[in-house]
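Below: one structure, written as structure tokens.
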Amino acid sequence: MPWETKRDFIGYGGDWPDPQWPGGAKIAVNFVLNVEEGSEYSVQDGDGFTETHLSESHGRASLPGGRDLGAETLFEYGSRVGAWRVLRIFAERGIPMTMFACARALERNPPLAAAIRDSGHDLCGHGWRWEKHFELEEAEEREHIARAVESFRKTLGMAPAGWYCRYAPSVNTRRLLMEHDCFLYDSDHYADELPFWMTVEGRPRLIIPYSLTTNDTRFYSGHGTADQWFGFCRDAFELLWQEGAEGEPRMMSIGLHSRIIGHPARAMGLVRLLDHMEAKGGVWFARRSEIARHWMATHPYPGKGLNE
């Protein structure tokens, strides 16, 4: 019988392992910058429509035919301006990020690819394109994953250490990733606040969960100002930090997009959040690959996945 992901409503069952974060940190915080601009659906790339998702055009009716030049430039803002602002904000503080990068986006933006390569941030594959993997046939998805890995090797000189699809994987994604030795983990999971192990076709696979909650996409679902977004993420951080101080350390993922958080009025919310976390202390600002390697060393694969 082919391998398939089974639903798990139990997880650690209330008995969470001590992650033993470096330096006795009370929380591990990972910032993710999604690099998608130039890989989205577009008329020029043969898709027959212009992508508007997660932009200022989000939720509006798309043009019935032809190119939507306004929506195109909303994406281009992210690669031309927003990404550079976010990179500068993190560079000034010496705080690492993980790049959820689409291969085609970096192919089309050599200056940004070079900046990412030289930044010290790590790489998590976000697809050959910013596309819905759950709509791909198995053979096409296998080809796109392999194409992305090869593309990253050319543009960045490295393969991705992890993988994260656009919103959701297909039923085949995790199994197809096992065909590549470069992947330490995948992040196509939202159901936990600590890494955990799965067994995929008899082999271990580390899962590092992601979040769509502490994410700048909330600017399109109720948070209109930088203060609102900052307050929401700060409150999540404060509770997790307190739980860590009481003996149950967790990790926190914060998802960013160049075309969203990169706008100045929103970027101020990011600045306030980073300042707050640094002032609080007891934080391990970590790349996702660092979290993966730490977990592998501290909580190695036990011979079977969680609740198998």
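Letters A, B, ... go to the chains of the structure tokens in the order shown; residues in each chain start at 1; ligands are counted from 1 in the same order.
Excluding Cys182 (chain A) and any residue on its chain fewer than 5 positions from it, the residues at most 8 Å away by only C-alpha atoms are Ala159, Pro160, Ala161 and Gly162 of chain A.
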Mind dumping the selected residues with N, CA and C atoms as an mmCIF file, in the first residue's frame?
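Written output follows (again_34.cif):
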```cif
data_model
loop_
_atom_site.group_PDB
_atom_site.id
_atom_site.type_symbol
_atom_site.label_atom_id
_atom_site.label_comp_id
_atom_site.auth_asym_id
_atom_site.auth_seq_id
_atom_site.Cartn_x
_atom_site.Cartn_y
_atom_site.Cartn_z
ATOM 1 N N ALA A 159 21.819 23.756 -2.054
ATOM 2 C CA ALA A 159 20.495 23.133 -2.115
ATOM 3 C C ALA A 159 19.705 23.534 -0.879
ATOM 4 N N PRO A 160 18.385 23.530 -0.955
ATOM 5 C CA PRO A 160 17.587 23.866 0.224
ATOM 6 C C PRO A 160 17.682 22.790 1.293
ATOM 7 N N ALA A 161 17.699 23.216 2.557
ATOM 8 C CA ALA A 161 17.745 22.268 3.671
ATOM 9 C C ALA A 161 16.353 21.793 4.059
ATOM 10 N N GLY A 162 15.334 22.529 3.621
ATOM 11 C CA GLY A 162 13.961 22.175 3.952
ATOM 12 C C GLY A 162 13.030 22.500 2.808
#
```
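Residue neighbourhood of Asp47 (chain A), excluding near-sequence residues (fewer than 4 positions): Ser39, Glu40, Tyr41, Ser42, Val43, Glu51, Gly65, Gly66, Arg67, Arg129 and Glu131 of chain A, at 12 Å, using only C-alpha atoms.
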Would you output that residue set with N, CA and C atoms, as a JSON list (two decimals), in the first residue's frame?
```json
[["chain", "number", "residue", "atom", "x", "y", "z"],
["A", 39, "SER", "N", 7.57, 34.38, -9.49],
["A", 39, "SER", "CA", 7.24, 32.97, -9.66],
["A", 39, "SER", "C", 5.74, 32.72, -9.59],
["A", 40, "GLU", "N", 4.97, 33.80, -9.37],
["A", 40, "GLU", "CA", 3.52, 33.65, -9.23],
["A", 40, "GLU", "C", 2.85, 33.38, -10.58],
["A", 41, "TYR", "N", 1.59, 32.97, -10.54],
["A", 41, "TYR", "CA", 0.84, 32.74, -11.76],
["A", 41, "TYR", "C", 0.74, 34.04, -12.56],
["A", 42, "SER", "N", 0.94, 33.95, -13.87],
["A", 42, "SER", "CA", 0.88, 35.15, -14.70],
["A", 42, "SER", "C", 0.54, 34.78, -16.13],
["A", 43, "VAL", "N", 0.00, 35.75, -16.85],
["A", 43, "VAL", "CA", -0.33, 35.54, -18.26],
["A", 43, "VAL", "C", 0.93, 35.28, -19.07],
["A", 51, "GLU", "N", -1.90, 36.61, -11.02],
["A", 51, "GLU", "CA", -2.01, 36.35, -9.58],
["A", 51, "GLU", "C", -2.29, 37.64, -8.82],
["A", 65, "GLY", "N", -9.88, 39.00, -18.55],
["A", 65, "GLY", "CA", -8.97, 38.53, -19.59],
["A", 65, "GLY", "C", -7.81, 39.48, -19.73],
["A", 66, "GLY", "N", -6.68, 38.97, -20.20],
["A", 66, "GLY", "CA", -5.51, 39.81, -20.36],
["A", 66, "GLY", "C", -4.77, 40.01, -19.06],
["A", 67, "ARG", "N", -3.70, 40.78, -19.14],
["A", 67, "ARG", "CA", -2.83, 41.01, -17.98],
["A", 67, "ARG", "C", -3.42, 42.07, -17.05],
["A", 129, "ARG", "N", 7.87, 27.14, -8.66],
["A", 129, "ARG", "CA", 7.07, 28.36, -8.76],
["A", 129, "ARG", "C", 6.22, 28.47, -7.51],
["A", 131, "GLU", "N", 3.20, 27.89, -6.62],
["A", 131, "GLU", "CA", 2.07, 27.18, -7.21],
["A", 131, "GLU", "C", 1.46, 26.23, -6.19]]
```
Residues near region 109-113 of chain A, cut-off 10 Å, only C-alpha atoms, skip fewer than 6 positions along chain, as a PyMOL selection string: chain A and resi 35+37-38+79-80+83-84+87+101+103+119+152+155-156
Please, could you write that set of residues out with C-alpha atoms as a PDB file, in the first residue's frame?
```pdb
ATOM      1  CA  VAL A  35      10.486  35.126  -1.680  1.00  0.00           C
ATOM      2  CA  GLU A  37       7.740  37.587  -6.603  1.00  0.00           C
ATOM      3  CA  GLY A  38       8.381  36.552 -10.194  1.00  0.00           C
ATOM      4  CA  SER A  79      11.268  42.254  -5.149  1.00  0.00           C
ATOM      5  CA  ARG A  80      12.275  45.813  -6.073  1.00  0.00           C
ATOM      6  CA  ALA A  83      12.843  42.540   0.176  1.00  0.00           C
ATOM      7  CA  TRP A  84      15.725  44.992   0.439  1.00  0.00           C
ATOM      8  CA  LEU A  87      17.077  42.376   4.603  1.00  0.00           C
ATOM      9  CA  ALA A 101      12.249  30.958  -1.726  1.00  0.00           C
ATOM     10  CA  ALA A 103      13.377  28.994  -7.548  1.00  0.00           C
ATOM     11  CA  SER A 119      23.523  37.227   3.925  1.00  0.00           C
ATOM     12  CA  PHE A 152      18.875  26.775  -6.259  1.00  0.00           C
ATOM     13  CA  THR A 155      21.566  30.671  -8.333  1.00  0.00           C
ATOM     14  CA  LEU A 156      22.702  30.304  -4.703  1.00  0.00           C
TER      15      LEU A 156
END
```
Sel. of helix (DSSP H, G or I) residues, region 1-245 of chain A, as an NGL selection string: :A and (22-24 or 69-93 or 103-107 or 110-119 or 133-135 or 138-155 or 173-177 or 216-220 or 226-245)
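Going from CA of Tyr164 (chain A) over to CA of Met99 (chain A), you cover 10.4 Å.
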Near-region 287-300 of chain A list (12 Å; only C-alpha atoms; drop same-chain fewer than 6 positions) as number ranges by chain: A: 16-22, 27-33, 95-100, 120-125, 159-164, 182-187, 194-198, 204-210, 250-254
Proximity to Phe230 (chain A) - best of A:Glu243, A:Leu212, A:Gly255, A:Gly269, only C-alpha atoms: A:Gly269
Point-to-point distance in Å for CA of Ser151 (chain A) and CA of Arg88 (chain A): 25.3 Å
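Nearest to Glu72 (chain A) of all the residues A:Val86, A:Arg272, A:Arg259, A:Gly14 is A:Arg259, based on only C-alpha atoms.
Distances from A:Leu306, A:Met158, A:Val81, A:Ala267 to Arg7 (chain A) were compared using only C-alpha atoms, and the smallest one belongs to A:Leu306.
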Which of region 23-161 of chain A DSSP labels strand (DSSP E or B), written as a ChimeraX atom specification: /A:27-35,97-101,122-125
Proximity to Lys304 (chain A) - best of A:Val200, A:Ile261, A:Ala71, A:Ala148, only C-alpha atoms: A:Val200
